[in-house]
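K.L.:
For reference, the file entry-v4.cif (mmCIF, C-alpha atoms) is included below:
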data_my_file
#
loop_
_atom_site.label_atom_id
_atom_site.label_comp_id
_atom_site.auth_asym_id
_atom_site.auth_seq_id
_atom_site.Cartn_x
_atom_site.Cartn_y
_atom_site.Cartn_z
CA MET O 120 170.86 140.16 37.32
CA GLU O 121 170.65 138.53 33.89
CA ALA O 122 169.40 135.28 35.44
CA TYR O 123 166.91 137.27 37.52
CA PHE O 124 165.46 139.03 34.47
CA LEU O 125 165.32 135.75 32.55
CA ASP O 126 163.34 134.24 35.41
CA TRP O 127 160.84 137.09 35.17
CA ALA O 128 160.56 136.64 31.41
CA ASN O 129 160.03 132.92 31.95
CA LEU O 130 157.35 133.55 34.58
CA LEU O 131 155.41 136.11 32.53
CA LEU O 132 155.57 134.11 29.31
CA ARG O 133 154.49 130.94 31.11
CA TRP O 134 151.62 132.81 32.78
CA LEU O 135 150.48 134.24 29.45
CA HIS O 136 150.79 130.83 27.78
CA VAL O 137 148.59 129.17 30.40
CA ILE O 138 145.96 131.92 30.22
CA VAL O 139 145.55 131.86 26.44
CA ALA O 140 145.77 128.04 26.37
CA ILE O 141 142.85 127.88 28.80
CA ALA O 142 140.89 130.15 26.45
CA TRP O 143 141.73 127.99 23.41
CA ILE O 144 141.10 124.63 25.04
CA GLY O 145 137.96 125.95 26.71
CA SER O 146 136.46 127.16 23.45
CA SER O 147 137.48 123.91 21.70
CA PHE O 148 135.87 121.76 24.37
CA TYR O 149 132.77 123.94 24.42
CA PHE O 150 132.13 123.76 20.67
CA VAL O 151 132.66 119.99 20.58
CA TRP O 152 130.19 119.72 23.47
CA LEU O 153 127.80 122.13 21.74
CA ASP O 154 127.88 120.21 18.45
CA ASN O 155 127.01 117.02 20.26
CA HIS O 156 124.10 118.58 22.18
CA LEU O 157 122.32 120.35 19.33
CA THR O 158 118.77 119.20 18.64
CA PRO O 159 116.72 119.81 15.47
CA PRO O 160 114.68 123.00 15.81
CA THR O 161 110.92 122.71 16.30
CA ASP O 162 110.27 126.13 14.82
CA GLU O 163 109.44 125.73 11.12
CA GLN O 164 110.76 129.21 10.42
CA LEU O 165 114.18 128.27 11.73
CA LYS O 166 114.18 125.16 9.53
CA LYS O 167 113.43 127.27 6.49
CA GLN O 168 116.34 129.55 7.36
CA GLY O 169 118.69 126.57 7.31
CA VAL O 170 119.12 125.99 11.06
CA GLY O 171 120.12 122.35 11.53
CA GLY O 172 120.35 122.34 15.32
CA GLU O 173 119.93 124.51 18.38
CA LEU O 174 120.43 124.42 22.12
CA TRP O 175 118.74 126.18 24.99
CA ALA O 176 120.99 126.76 27.99
CA VAL O 177 121.06 128.80 31.18
CA HIS O 178 124.28 130.23 32.59
CA GLY O 179 125.15 133.08 34.89
CA GLY O 180 121.54 134.08 35.35
CA GLY O 181 120.80 134.34 31.63
CA PHE O 182 119.25 132.18 28.92
CA TYR O 183 121.14 131.37 25.72
CA ASN O 184 119.96 129.89 22.43
CA PRO O 185 122.91 129.06 20.11
CA GLN O 186 121.93 127.83 16.65
CA LYS O 187 123.98 126.06 13.99
CA TYR O 188 123.26 126.46 10.28
CA LEU O 189 123.69 123.51 7.97
CA GLY O 190 125.47 125.70 5.45
CA ALA O 191 125.51 129.46 5.90
CA PRO O 192 122.88 131.82 7.30
CA PRO O 193 120.60 133.55 4.79
CA ARG O 194 122.05 136.89 5.82
CA LEU O 195 125.56 137.67 7.00
CA PRO O 196 125.41 139.32 10.46
CA GLU O 197 127.01 142.69 11.01
CA HIS O 198 129.13 141.43 13.91
CA LEU O 199 130.75 138.02 13.45
CA HIS O 200 133.17 136.67 16.06
CA TRP O 201 136.13 134.69 14.77
CA PHE O 202 137.73 132.10 17.05
CA TYR O 203 141.41 132.25 16.17
CA TRP O 204 143.21 134.62 18.53
CA GLU O 205 143.14 131.93 21.26
CA SER O 206 144.99 129.49 19.01
CA TYR O 207 147.54 131.94 17.66
CA SER O 208 148.27 133.47 21.08
CA THR O 209 148.78 130.04 22.60
CA TRP O 210 151.24 128.98 19.92
CA LEU O 211 153.14 132.27 19.86
CA SER O 212 153.51 132.44 23.64
CA GLY O 213 154.46 128.76 23.81
CA PHE O 214 157.02 129.08 21.03
CA SER O 215 158.49 132.17 22.71
CA LEU O 216 158.82 130.21 25.93
CA PHE O 217 160.42 127.34 24.03
CA LEU O 218 162.96 129.74 22.54
CA LEU O 219 163.73 131.35 25.90
CA VAL O 220 164.15 128.14 27.88
CA TYR O 221 165.27 125.45 25.45
CA ILE O 222 166.70 127.04 22.31
CA PHE O 223 168.75 129.74 24.07
CA ASN O 224 170.07 127.11 26.51
CA ALA O 225 170.38 124.19 24.14
CA ARG O 226 173.50 122.72 25.74
CA THR O 227 171.77 122.55 29.10
CA TYR O 228 168.18 121.71 28.19
CA LEU O 229 168.17 119.97 24.80
CA ILE O 230 171.28 117.84 24.91
CA ASP O 231 171.89 114.69 26.94
CA PRO O 232 175.29 113.21 25.98
CA SER O 233 174.16 109.79 27.23
CA VAL O 234 171.36 109.86 24.62
CA ALA O 235 173.09 111.45 21.62
CA GLN O 236 176.27 113.43 21.07
CA LEU O 237 174.87 116.62 19.53
CA THR O 238 176.28 120.07 19.12
CA PRO O 239 173.98 122.94 20.21
CA ALA O 240 173.50 123.99 16.57
CA ILE O 241 172.42 120.51 15.48
CA ALA O 242 170.16 120.12 18.52
CA ILE O 243 168.45 123.45 17.80
CA ALA O 244 167.99 122.62 14.12
CA ALA O 245 166.59 119.19 14.98
CA ALA O 246 164.18 120.61 17.58
CA LEU O 247 162.82 123.22 15.17
CA GLY O 248 162.73 120.57 12.45
CA PHE O 249 160.42 118.43 14.55
CA LEU O 250 157.93 121.30 14.74
CA ALA O 251 158.02 122.05 11.01
CA LEU O 252 158.19 118.46 9.78
CA GLY O 253 155.44 117.46 12.18
CA TRP O 254 152.99 119.78 10.45
CA ILE O 255 154.17 118.98 6.91
CA VAL O 256 153.83 115.21 7.31
CA TYR O 257 150.50 115.46 9.10
CA ASP O 258 149.10 117.80 6.44
CA ILE O 259 150.22 115.49 3.62
CA LEU O 260 148.57 112.54 5.36
CA CYS O 261 145.31 114.49 5.65
CA ARG O 262 145.42 115.59 2.02
CA VAL O 263 146.11 112.09 0.71
CA PHE O 264 144.03 109.94 3.07
CA GLY O 265 141.49 112.49 4.31
CA LYS O 266 138.49 110.59 2.90
CA ASN O 267 139.35 107.44 4.86
CA GLU O 268 139.16 108.61 8.46
CA LYS O 269 140.05 105.26 10.06
CA LEU O 270 143.14 104.81 7.91
CA LEU O 271 144.10 108.44 8.44
CA SER O 272 143.75 108.09 12.24
CA GLY O 273 145.98 105.01 12.22
CA LEU O 274 148.64 106.77 10.15
CA ILE O 275 148.61 109.84 12.41
CA ILE O 276 148.99 107.66 15.50
CA GLY O 277 151.83 105.76 13.86
CA TYR O 278 153.55 108.98 12.93
CA VAL O 279 153.30 110.39 16.46
CA VAL O 280 154.72 107.14 17.87
CA ALA O 281 157.64 107.31 15.42
CA ALA O 282 158.25 110.97 16.27
CA ALA O 283 158.21 110.19 20.00
CA TRP O 284 160.74 107.40 19.51
CA GLY O 285 162.96 109.66 17.43
CA ALA O 286 162.83 112.60 19.83
CA CYS O 287 163.62 110.42 22.84
CA HIS O 288 166.68 109.07 21.01
CA LEU O 289 167.95 112.53 20.10
CA PHE O 290 167.24 114.86 23.01
CA SER O 291 167.23 114.79 26.78
CA GLY O 292 164.07 113.10 28.04
CA ARG O 293 162.62 116.33 29.40
CA ALA O 294 163.18 118.14 26.11
CA ALA O 295 161.92 115.19 24.03
CA PHE O 296 158.56 115.11 25.80
CA LEU O 297 158.14 118.85 25.42
CA ILE O 298 159.17 118.81 21.73
CA ILE O 299 156.56 116.16 20.91
CA GLY O 300 153.94 118.22 22.73
CA ALA O 301 155.07 121.34 20.87
CA MET O 302 154.99 119.45 17.56
CA ILE O 303 151.37 118.39 18.11
CA ALA O 304 150.45 121.88 19.33
CA THR O 305 151.99 123.30 16.14
CA ILE O 306 149.81 120.94 14.11
CA MET O 307 146.75 122.12 16.03
CA SER O 308 147.47 125.81 15.53
CA ALA O 309 148.45 125.27 11.88
CA ASN O 310 145.10 123.54 11.34
CA VAL O 311 143.41 126.73 12.46
CA PHE O 312 145.72 129.01 10.47
CA PHE O 313 145.88 127.09 7.17
CA TRP O 314 142.51 125.34 7.01
CA ILE O 315 139.81 126.26 9.49
CA ILE O 316 139.97 130.08 9.32
CA PRO O 317 140.74 130.29 5.55
CA GLY O 318 137.78 127.99 4.86
CA GLN O 319 135.52 130.19 6.95
CA ARG O 320 136.80 133.29 5.17
CA LYS O 321 135.98 131.73 1.79
CA VAL O 322 132.44 131.02 2.98
CA VAL O 323 132.02 134.63 4.14
CA ALA O 324 133.50 135.96 0.88
CA ALA O 325 131.09 133.80 -1.15
CA MET O 326 128.14 135.09 0.89
CA LYS O 327 129.16 138.69 0.33
CA ALA O 328 129.50 138.03 -3.40
CA GLY O 329 126.13 136.29 -3.53
CA GLN O 330 127.71 133.06 -4.70
CA PRO O 331 126.72 129.50 -3.61
CA ILE O 332 128.54 128.10 -0.58
CA ASP O 333 130.89 125.18 -1.20
CA PRO O 334 130.29 122.72 1.69
CA VAL O 335 133.82 121.30 1.36
CA HIS O 336 135.20 124.17 3.45
CA GLY O 337 133.02 123.26 6.38
CA GLN O 338 133.83 119.56 6.00
CA ARG O 339 137.57 120.14 5.96
CA GLY O 340 137.41 122.54 8.86
CA LYS O 341 135.32 120.09 10.87
CA GLN O 342 137.79 117.26 10.26
CA ARG O 343 140.77 119.32 11.40
CA SER O 344 138.81 120.60 14.39
CA VAL O 345 137.98 117.05 15.48
CA HIS O 346 141.66 116.11 15.19
CA ASN O 347 142.52 119.08 17.39
CA THR O 348 140.18 118.01 20.15
CA TYR O 349 141.78 114.54 20.30
CA PHE O 350 145.24 116.13 20.40
CA THR O 351 144.39 118.33 23.38
CA LEU O 352 144.94 116.00 26.35
CA PRO O 353 148.17 114.45 24.95
CA VAL O 354 149.56 117.97 24.46
CA LEU O 355 148.61 118.99 27.99
CA PHE O 356 150.43 115.98 29.43
CA ALA O 357 153.54 116.64 27.35
CA MET O 358 153.61 120.25 28.55
CA LEU O 359 153.19 119.26 32.20
CA SER O 360 155.62 116.34 32.06
CA ASN O 361 158.71 118.51 32.62
CA HIS O 362 157.66 118.72 36.29
CA TYR O 363 157.66 114.92 36.65
CA SER O 364 161.05 113.41 35.91
CA MET O 365 159.76 109.92 36.80
CA THR O 366 158.18 109.89 33.32
CA TYR O 367 160.82 111.36 31.04
CA SER O 368 163.80 109.82 32.85
CA ALA O 369 162.40 106.27 32.71
CA SER O 370 163.97 103.68 30.47
CA ASN O 371 162.14 103.46 27.13
CA ASN O 372 160.70 106.87 27.95
CA TRP O 373 159.27 107.15 24.44
CA ALA O 374 156.88 104.30 25.27
CA VAL O 375 155.91 106.04 28.52
CA LEU O 376 155.09 109.19 26.56
CA VAL O 377 153.06 107.31 23.95
CA LEU O 378 151.09 105.27 26.49
CA ILE O 379 150.14 108.27 28.60
CA MET O 380 149.09 110.19 25.49
CA VAL O 381 146.96 107.21 24.43
CA ALA O 382 145.29 107.31 27.84
CA GLY O 383 144.48 110.98 27.22
CA VAL O 384 142.94 110.17 23.84
CA LEU O 385 140.78 107.46 25.42
CA VAL O 386 139.53 109.88 28.06
CA ARG O 387 138.69 112.44 25.38
CA GLN O 388 136.88 109.77 23.35
CA PHE O 389 134.76 108.89 26.38
CA PHE O 390 133.59 112.48 26.82
CA ILE O 391 132.93 113.01 23.12
CA LEU O 392 130.73 109.94 22.98
CA ARG O 393 129.08 110.83 26.28
CA HIS O 394 128.11 114.23 24.90
CA LYS O 395 126.32 112.34 22.14
CA GLY O 396 124.39 110.32 24.71
CA ASN O 397 126.54 107.22 24.24
CA THR O 398 128.31 106.42 27.52
CA GLN O 399 131.10 103.88 27.03
CA PRO O 400 132.88 103.19 30.35
CA ILE O 401 135.39 100.93 28.61
CA TYR O 402 137.37 103.99 27.50
CA PRO O 403 138.14 105.45 30.95
CA ILE O 404 138.67 101.91 32.29
CA LEU O 405 141.31 101.31 29.61
CA ALA O 406 142.87 104.72 30.32
CA ILE O 407 143.11 103.95 34.06
CA ALA O 408 144.57 100.52 33.31
CA ILE O 409 147.21 102.05 31.04
CA LEU O 410 148.18 104.70 33.59
CA ALA O 411 148.32 102.12 36.39
CA GLY O 412 150.46 99.87 34.22
CA VAL O 413 152.87 102.70 33.41
CA ALA O 414 153.07 103.71 37.08
CA ALA O 415 153.93 100.14 38.08
CA TRP O 416 156.42 99.79 35.23
CA ILE O 417 158.47 102.91 36.02
CA ALA O 418 158.21 102.67 39.83
CA PRO O 419 161.61 103.23 41.47
CA LYS O 420 163.40 100.18 42.75
CA PRO O 421 164.45 100.06 46.43
CA VAL O 422 168.02 101.22 47.03
CA VAL O 423 170.00 100.02 50.04
CA THR O 424 172.00 102.61 51.97
CA ASN O 425 174.54 102.22 54.72
CA ALA O 426 172.53 103.19 57.80
CA ALA O 427 175.58 102.76 60.05
CA GLN O 428 177.44 105.71 58.55
CA THR O 429 178.39 108.48 60.95
CA THR O 430 177.05 111.99 60.54
CA GLU O 431 180.47 113.15 59.32
CA ASN O 432 180.63 110.42 56.69
CA GLN O 433 177.07 111.12 55.56
CA PHE O 434 177.81 114.78 54.96
CA ALA O 435 181.09 113.96 53.24
CA GLU O 436 179.25 111.62 50.86
CA VAL O 437 176.60 114.23 50.11
CA GLN O 438 179.24 116.90 49.57
CA LYS O 439 181.04 114.59 47.16
CA ILE O 440 177.82 113.96 45.21
CA VAL O 441 177.11 117.68 44.99
CA GLN O 442 180.65 118.35 43.77
CA VAL O 443 180.30 115.76 41.00
CA ARG O 444 176.65 116.27 39.97
CA CYS O 445 175.56 119.79 40.90
CA ILE O 446 178.25 122.46 40.78
CA GLN O 447 178.27 122.50 36.98
CA CYS O 448 175.25 124.83 37.35
CA HIS O 449 175.32 125.77 41.04
CA ALA O 450 178.77 127.25 41.63
CA THR O 451 180.46 130.62 41.82
CA HIS O 452 181.72 130.04 38.28
CA PRO O 453 179.49 127.34 36.73
CA THR O 454 180.66 125.49 33.64
CA MET O 455 177.24 124.78 32.08
CA MET O 456 175.70 128.23 32.57
CA ASP O 457 176.80 131.85 32.42
CA SER O 458 175.78 132.48 36.04
CA PRO O 459 174.82 130.35 39.05
CA ALA O 460 171.39 128.78 38.46
CA LYS O 461 168.84 130.28 40.87
CA GLY O 462 171.73 132.07 42.58
CA LEU O 463 172.77 128.85 44.37
CA MET O 464 176.52 128.31 44.83
CA PHE O 465 177.16 124.95 46.46
CA ASP O 466 180.92 125.52 46.40
CA GLN O 467 180.48 128.17 49.10
CA PRO O 468 180.72 127.09 52.77
CA GLY O 469 177.42 126.32 54.51
CA VAL O 470 175.20 126.55 51.39
CA ILE O 471 174.58 122.79 51.12
CA GLU O 472 173.42 122.66 54.75
CA ALA O 473 171.33 125.84 54.43
CA LYS O 474 169.57 124.51 51.32
CA SER O 475 169.30 120.90 52.47
CA GLN O 476 165.50 120.85 52.33
CA LEU O 477 165.49 122.31 48.80
CA ILE O 478 168.10 119.76 47.70
CA TYR O 479 166.01 116.95 49.18
CA GLN O 480 162.84 118.16 47.46
CA GLN O 481 164.42 118.74 44.05
CA VAL O 482 166.84 115.80 43.93
CA VAL O 483 165.02 113.08 45.88
CA GLN O 484 161.29 113.73 46.00
CA GLN O 485 160.64 115.37 42.63
CA LYS O 486 163.83 114.23 40.85
CA ILE O 487 163.83 117.46 38.87
CA MET O 488 167.52 118.01 39.54
CA PRO O 489 170.03 117.63 38.08
CA LEU O 490 168.18 119.16 35.18
CA GLY O 491 167.44 116.44 32.64
CA ASN O 492 169.94 114.39 34.66
CA LEU O 493 172.66 115.82 32.45
CA THR O 494 175.28 114.90 35.06
CA ASN O 495 174.01 111.30 35.36
CA ILE O 496 173.23 111.16 39.06
CA THR O 497 172.46 107.59 40.13
CA GLU O 498 169.58 106.25 42.22
CA GLN O 499 172.14 105.21 44.82
CA GLU O 500 173.33 108.81 45.10
CA ARG O 501 169.76 110.08 45.44
CA ALA O 502 169.21 107.50 48.17
CA THR O 503 172.35 108.73 49.98
CA ILE O 504 171.01 112.29 49.99
CA ALA O 505 167.62 111.02 51.16
CA HIS O 506 169.16 109.08 54.07
CA TRP O 507 171.27 112.10 55.08
CA PHE O 508 168.27 114.43 55.17
CA GLU O 509 165.70 112.03 56.60
CA SER O 510 167.99 110.97 59.43
CA GLY O 511 168.10 114.57 60.67
CA ASN O 512 171.80 114.96 59.94
CA ALA O 513 171.48 117.64 57.26
CA VAL O 514 173.90 119.93 59.06
CA ALA O 515 177.63 120.12 58.42
CA PRO O 516 179.66 118.56 61.26
CA ALA O 517 181.73 121.70 61.72
CA SER O 518 178.64 123.81 62.34
CA LYS O 519 177.27 121.58 65.16
#
What do you get writing this file as structure tokens?
P.N.:
Amino acid sequence: MEAYFLDWANLLLRWLHVIVAIAWIGSSFYFVWLDNHLTPPTDEQLKKQGVGGELWAVHGGGFYNPQKYLGAPPRLPEHLHWFYWESYSTWLSGFSLFLLVYIFNARTYLIDPSVAQLTPAIAIAAALGFLALGWIVYDILCRVFGKNEKLLSGLIIGYVVAAAWGACHLFSGRAAFLIIGAMIATIMSANVFFWIIPGQRKVVAAMKAGQPIDPVHGQRGKQRSVHNTYFTLPVLFAMLSNHYSMTYSASNNWAVLVLIMVAGVLVRQFFILRHKGNTQPIYPILAIAILAGVAAWIAPKPVVTNAAQTTENQFAEVQKIVQVRCIQCHATHPTMMDSPAKGLMFDQPGVIEAKSQLIYQQVVQQKIMPLGNLTNITEQERATIAHWFESGNAVAPASK
């Protein structure tokens, strides 16, 4: 029952995380789009009030006229909406999910002995350290080099590449990809918490006190907000990557992670420029070329199987593979978990045959299992399972 309740907690947290992330990313994309579509107002009265740009739009049967002030409005409105709950809710739900899945099961999810011999305590400390250090280093870079945006961008990219290399040489591939995504997401949310919202609060406080508005708060907030929008697509890939073992289980997986994130940045750059009326097809072309190159690079190599094996021998080979690679988690008394994962016990008679389609999907097609390939299943062994299932012999000889 413990595993069952943990599955429900995982489901509900993941659902919440996706919902609030949609709200955060949606509002981020919208405001970047809005900024790039504002036009100078034609109404002289609006100009006198400090309106630097406006937009007329129609949506859902209604007309909208958002306006952006160059500094602050002449009068503080009674009702002012603050965009921060989307960011905080996304980070809190994501961090809770990270704790539930990875931190509480560090031996299973964080550690890959073939990558680095870590104890659970060291793995947990290192994973949390990536999140904290990621923000600290990024913030220092922005403070020191913030006035030179090109240099700053290059340093941030270099730091992310170094972090990706480090994570992929410390943790299991699946965990490494997620940790880098979580590190960047932490930077994004910290930008909102430490810079964007505090700067806005200082502007509001100055208005209430009748003091002049310091434009530096808006400038700093804008810089961090722009960084966040470029981070968005790389983070989304890192979060989705755990469903696609072909990426995180590839050799030099850190380079796979970096290249796919670069493709995401190029796509985002294309849309940002396009919103400004400057369409540059070179960016999506480069992104497609990078993704195609990565796909070709990590494509699985053909594996030869013995097609002449009898049905009995095929099942015996599959049973042997399951005994070596799977029962650590899927057994009556698993050694890597407190209870059988997903309630599957492959040491019980008839279970392998009954779940043959699931085994084929998870082990061969999606390559999700073994989880993080902690038991080091080989491509030859996956091919053996594939041949057994695809030949229609996925039934134990004794049961025929």
K.L.:
Go ahead and compute the interatomic distance for atom CA of O:Ala414 and atom CA of O:Thr351, in Å to one decimal.
P.N.:
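Taking atom CA of O:Ala414 as the start and atom CA of O:Thr351 as the end point, the length is 21.8 Å.
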K.L.:
Write out as a list in words which residues come within 10 Å of O:Ser475 when counting all atoms listed in the file, dropping same-chain ones fewer than 2 positions away.
P.N.:
Gly469, Val470, Ile471, Glu472, Ala473, Leu477, Ile478, Tyr479, Gln480, Gln481, Ile504, Trp507, Phe508, Asn512, Ala513 and Val514 of chain O
K.L.:
Applying 8 Å and all atoms listed in the file, which residues near O:Ile379 remain after dropping the ones on its own chain fewer than 2 positions away? List them as a compact mmCIF listing (two decimals) with C-alpha atoms, in the frame of the given file.
P.N.:
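Saved file selection32.txt follows:
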# COMPACT_ATOMS: atom_id res chain seq x y z
CA PRO O 353 148.17 114.45 24.95
CA PHE O 356 150.43 115.98 29.43
CA VAL O 375 155.91 106.04 28.52
CA LEU O 376 155.09 109.19 26.56
CA VAL O 377 153.06 107.31 23.95
CA VAL O 381 146.96 107.21 24.43
CA ALA O 382 145.29 107.31 27.84
CA GLY O 383 144.48 110.98 27.22
CA ILE O 409 147.21 102.05 31.04
CA LEU O 410 148.18 104.70 33.59
CA VAL O 413 152.87 102.70 33.41
K.L.:
Would you please work out which residue, of O:Leu132, O:Leu385, O:Val441, O:Val323, is nearest to O:Leu218 when using only C-alpha atoms?
P.N.:
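Result for the nearest residue to O:Leu218: O:Leu132.
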K.L.:
List as an MDAnalysis selection string the protein and nucleic acid residues near stretch 200-211 of chain O, meaning an atom at most 8 Å away when all atoms listed in the file are counted, but skip any in the same chain fewer than 3 places from it.
P.N.:
chainID O and resid 136:137 139:140 142:143 214:215 304:305 308 311:312 316
K.L.:
Just the residues within 9 Å of O:Glu500, please, counting all atoms listed in the file, with nothing from its chain fewer than 4 positions along; format it as a PyMOL selection string.
P.N.:
chain O and resi 436-437+440+496+504-505
K.L.:
Between atom CA of O:Ile417 and atom CA of O:Thr494, measure the distance and give it in Å to one decimal.
P.N.:
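A separation of 20.7 Å between them.
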K.L.:
Mind pulling up the distance from atom CA of O:Phe264 to atom CA of O:Ile391?
P.N.:
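A separation of 23.1 Å between them.
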K.L.:
Generate a file for stretch 318-329 of chain O, containing N, CA and C atoms, as a JSON list (two decimals), in the first residue's frame.
P.N.:
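Below is the file out09.json, written as the result:
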[["chain", "number", "residue", "atom", "x", "y", "z"],
["O", 318, "GLY", "N", 12.14, 44.40, -7.02],
["O", 318, "GLY", "CA", 12.29, 45.65, -7.76],
["O", 318, "GLY", "C", 10.95, 46.32, -7.99],
["O", 319, "GLN", "N", 9.95, 45.53, -8.32],
["O", 319, "GLN", "CA", 8.61, 46.08, -8.52],
["O", 319, "GLN", "C", 8.05, 46.64, -7.21],
["O", 320, "ARG", "N", 8.32, 45.96, -6.12],
["O", 320, "ARG", "CA", 7.82, 46.43, -4.83],
["O", 320, "ARG", "C", 8.47, 47.77, -4.45],
["O", 321, "LYS", "N", 9.74, 47.93, -4.78],
["O", 321, "LYS", "CA", 10.42, 49.21, -4.50],
["O", 321, "LYS", "C", 9.83, 50.34, -5.32],
["O", 322, "VAL", "N", 9.45, 50.03, -6.56],
["O", 322, "VAL", "CA", 8.81, 51.05, -7.41],
["O", 322, "VAL", "C", 7.47, 51.46, -6.81],
["O", 323, "VAL", "N", 6.69, 50.48, -6.39],
["O", 323, "VAL", "CA", 5.37, 50.77, -5.79],
["O", 323, "VAL", "C", 5.54, 51.56, -4.49],
["O", 324, "ALA", "N", 6.53, 51.16, -3.67],
["O", 324, "ALA", "CA", 6.76, 51.86, -2.41],
["O", 324, "ALA", "C", 7.16, 53.31, -2.66],
["O", 325, "ALA", "N", 7.99, 53.54, -3.68],
["O", 325, "ALA", "CA", 8.41, 54.91, -4.01],
["O", 325, "ALA", "C", 7.21, 55.73, -4.47],
["O", 326, "MET", "N", 6.33, 55.13, -5.25],
["O", 326, "MET", "CA", 5.14, 55.85, -5.71],
["O", 326, "MET", "C", 4.25, 56.25, -4.55],
["O", 327, "LYS", "N", 4.06, 55.31, -3.61],
["O", 327, "LYS", "CA", 3.22, 55.61, -2.46],
["O", 327, "LYS", "C", 3.82, 56.72, -1.59],
["O", 328, "ALA", "N", 5.15, 56.77, -1.56],
["O", 328, "ALA", "CA", 5.84, 57.78, -0.75],
["O", 328, "ALA", "C", 6.02, 59.09, -1.50],
["O", 329, "GLY", "N", 5.61, 59.11, -2.77],
["O", 329, "GLY", "CA", 5.76, 60.32, -3.57],
["O", 329, "GLY", "C", 7.19, 60.60, -3.96]]
